[in-house]
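Chemist: First, the structure itself, so that you have it in front of you.
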Amino acid sequence: MNQKIIEQSLCVKNLHVKIDQLELAKGMSFDLHPGEVTVIIGPNGTGKSTLLKTLFGDINRQQGDICFGETSLNKKWLSKWRKHFGYMPQDIHLDIELSVLEVVLLGQLDALSLRLNESMVSEALYALEQIGLLHLADRPVNALSGGQCQMILFAQAMMRKPSILMLDEPVSALDLHFQQVLLDHLDRKTKENRWISLMVLHDLNLAAQYADKLLVVKDGLIVSHGAPKTVLTPELVKDVYGVDAEVTVDGQGIPFIRTRRSSYKQEPDNVKTKLKKETGVSSVF
Ligand SMILES: Nc1ncnc2c1ncn2[C@@H]1O[C@H](COP(=O)(O)OP(=O)(O)OP(=O)(O)O)[C@@H](O)[C@H]1O
């Protein structure tokens with residue numbers, strides 16, 4: 001008899017988050033589904049990291065429900081809630097005296113607290129091999145470059161085999177090659193394992209390429225939520241970032257955003273001469 005697997009979504013309803021006097025979520029509601037990569041985009045300081053921290057239970061909400069299937073986020077059962085998650089926060093510095101392999105193994109912390117076995121080590125080594133960093137296994141993490149650290153933390157987050165994987169600007173320190181390795185890997189694993197993947201990116205073209213859904217946030221509100229080709233329009237880019245952009249769609253239906261360089265106006269010579277005469281200095285701007 002075929003057993004039907006019941007898939008659970010992450011559901012956020014009427015979320016309100018306030019830090020000091022800043023209202024970073026003003027009644028946000030959205031659902032995230034298994035097998036989909038959702039990318040959060042939005043201006044600096046608008047509350048993208050705060051949203052991830054709130055979903056993880058690091059920041060308290062004022063109001064609203066956060067549920068994963070039948071379970072809801074509740075401070076009393078925080079460690080149980082967090083077992084569903086793999087979470088890679090922004091800008092983590094690995095200033096600890098552990099090897100790369102040990103840091104990746106920490107992704108299986110719950111299991112490790114029982115016992116470390118050979119299959120866990122093999123799995124961690126395999127994870128490193130898959131992202132092309134097996135040669136770093138014995139290196140101390142505090143001697144790695146920023147980009148290498150980012151890749152190792154990604155491997156660690158995946159080792160948790162999470163139902164929900166959250167990555168905060170995971171490619172900010174990565175070169176073109178490793179951006180592709182990480183994002184391809186994330187996409188494939190999300191689909192194979194039916195994870196709910198949620199990440200913050202600033203690069204709209206990477207977001208357009210890798211997101212099944214975009215979640216656009218600004219001023220504590222969800223401005224738009226849907227497939228990149230419906231969400232990413234010149235109007236949205238202007239509204240959210242105040243930037244003029246051309247948006248074209250390629251043969252695969254993936255939008256491509258091209259911003260225009262702001263026009264640079266040089267001061268006319270007579271203004272420069274007048275300024276020098278009056279102040280004795282040349283304009284440096
Ligand atoms: N613990 C805190 N105490 C005080 N203010 C905070 C705290 N955490 C975040 N903030 C403020 O909340 C706002 C949103 O921060 P957050 O890091 O969530 O934004 P973001 O959208 O992720 O920004 P960026 O794109 O620049 O990384 C910022 O103004 C930040 O200074």
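Each chain of the structure tokens is named A, B, ... in the order shown, its residues numbered from 1; ligands are numbered from 1 in display order.
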Excluding same-chain residues fewer than 2 positions from Met158 of chain A, what lies within 9 Å of it counting only C-alpha atoms, as a ChimeraX atom specification?
Modeler: /A:86-87,104,107,127,153-156,160-162,165,186,189
Chemist: Pull N, CA and C atoms from the residues just selected and write them as an mmCIF file, in the first residue's frame.
Modeler:
data_model
loop_
_atom_site.group_PDB
_atom_site.id
_atom_site.type_symbol
_atom_site.label_atom_id
_atom_site.label_comp_id
_atom_site.auth_asym_id
_atom_site.auth_seq_id
_atom_site.Cartn_x
_atom_site.Cartn_y
_atom_site.Cartn_z
ATOM 1 N N GLY A 86 17.801 24.326 9.841
ATOM 2 C CA GLY A 86 19.222 24.554 9.620
ATOM 3 C C GLY A 86 19.306 26.055 9.393
ATOM 4 N N TYR A 87 20.174 26.749 10.098
ATOM 5 C CA TYR A 87 20.169 28.216 10.027
ATOM 6 C C TYR A 87 21.604 28.716 9.913
ATOM 7 N N VAL A 104 31.806 21.008 10.543
ATOM 8 C CA VAL A 104 30.725 20.438 9.734
ATOM 9 C C VAL A 104 29.953 19.400 10.563
ATOM 10 N N GLY A 107 27.023 20.255 12.793
ATOM 11 C CA GLY A 107 25.689 20.324 12.209
ATOM 12 C C GLY A 107 24.789 19.201 12.700
ATOM 13 N N ALA A 127 29.870 15.610 2.352
ATOM 14 C CA ALA A 127 29.309 16.970 2.175
ATOM 15 C C ALA A 127 30.409 17.930 1.717
ATOM 16 N N LEU A 153 30.104 26.798 6.690
ATOM 17 C CA LEU A 153 28.868 26.978 7.468
ATOM 18 C C LEU A 153 27.646 26.500 6.686
ATOM 19 N N PHE A 154 27.713 26.627 5.379
ATOM 20 C CA PHE A 154 26.632 26.102 4.533
ATOM 21 C C PHE A 154 26.587 24.570 4.664
ATOM 22 N N ALA A 155 27.776 23.953 4.582
ATOM 23 C CA ALA A 155 27.829 22.485 4.729
ATOM 24 C C ALA A 155 27.291 22.080 6.099
ATOM 25 N N GLN A 156 27.638 22.855 7.125
ATOM 26 C CA GLN A 156 27.165 22.540 8.478
ATOM 27 C C GLN A 156 25.631 22.615 8.567
ATOM 28 N N ARG A 160 22.378 19.185 9.076
ATOM 29 C CA ARG A 160 21.272 19.012 10.024
ATOM 30 C C ARG A 160 20.085 18.306 9.380
ATOM 31 N N LYS A 161 20.134 18.188 8.043
ATOM 32 C CA LYS A 161 18.999 17.626 7.290
ATOM 33 C C LYS A 161 17.716 18.302 7.763
ATOM 34 N N PRO A 162 17.667 19.600 7.576
ATOM 35 C CA PRO A 162 16.569 20.372 8.154
ATOM 36 C C PRO A 162 15.289 20.236 7.352
ATOM 37 N N LEU A 165 15.409 25.289 5.923
ATOM 38 C CA LEU A 165 16.795 25.772 5.851
ATOM 39 C C LEU A 165 16.772 27.278 5.620
ATOM 40 N N LEU A 186 22.042 24.078 -3.141
ATOM 41 C CA LEU A 186 20.850 24.404 -2.353
ATOM 42 C C LEU A 186 19.577 24.065 -3.137
ATOM 43 N N LYS A 189 19.235 20.157 -3.475
ATOM 44 C CA LYS A 189 18.896 19.500 -2.201
ATOM 45 C C LYS A 189 17.489 19.863 -1.744
#
Chemist: Write out as an MDAnalysis selection string the set of residues from segment 88-227 of chain A that DSSP, computed on the backbone, places in helix (DSSP H, G or I).
Modeler: chainID A and resid 100:112 118:130 134:136 141:143 146:159 176:193 204:210
Chemist: Could you state the separation of atom CA of Gln180 of chain A and atom CA of Leu105 of chain A in Å, given to one decimal place?
Modeler: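 Separation of atom CA of Gln180 of chain A and atom CA of Leu105 of chain A: 23.5 Å.
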Chemist: Do a neighbour search on segment 214-221 of chain A at 12 Å with only C-alpha atoms, toss out local chain neighbours closer than 4 positions, and write the hits as a PyMOL selection string.
Modeler: chain A and resi 14-19+22-32+36-51+197-202+204-210+225-232+236-237+239-242
Chemist: Which value, in Å to one decimal, gives the distance between atom CA of Gln62 of chain A and atom 11 (C, counted along the ligand's line) of ligand 1?
Modeler: 15.5 Å
Chemist: Find the residues near Thr71 of chain A: any atom within 10 Å, counting only C-alpha atoms, skip ones fewer than 3 places away on the same chain, and give them as a count of residues only.
Modeler: 9
Chemist: Extract, using only C-alpha atoms, all DNA, RNA and protein residues at most 12 Å from Val100 of chain A, discarding same-chain residues fewer than 6 positions from it, and format them as a ChimeraX atom specification.
Modeler: /A:94,106-107,121,124-125,127-128,133-144,148-156
Chemist: Hey, can you check how far atom CA of Thr233 of chain A sits from atom CA of Ile164 of chain A?
Modeler: 28.6 Å
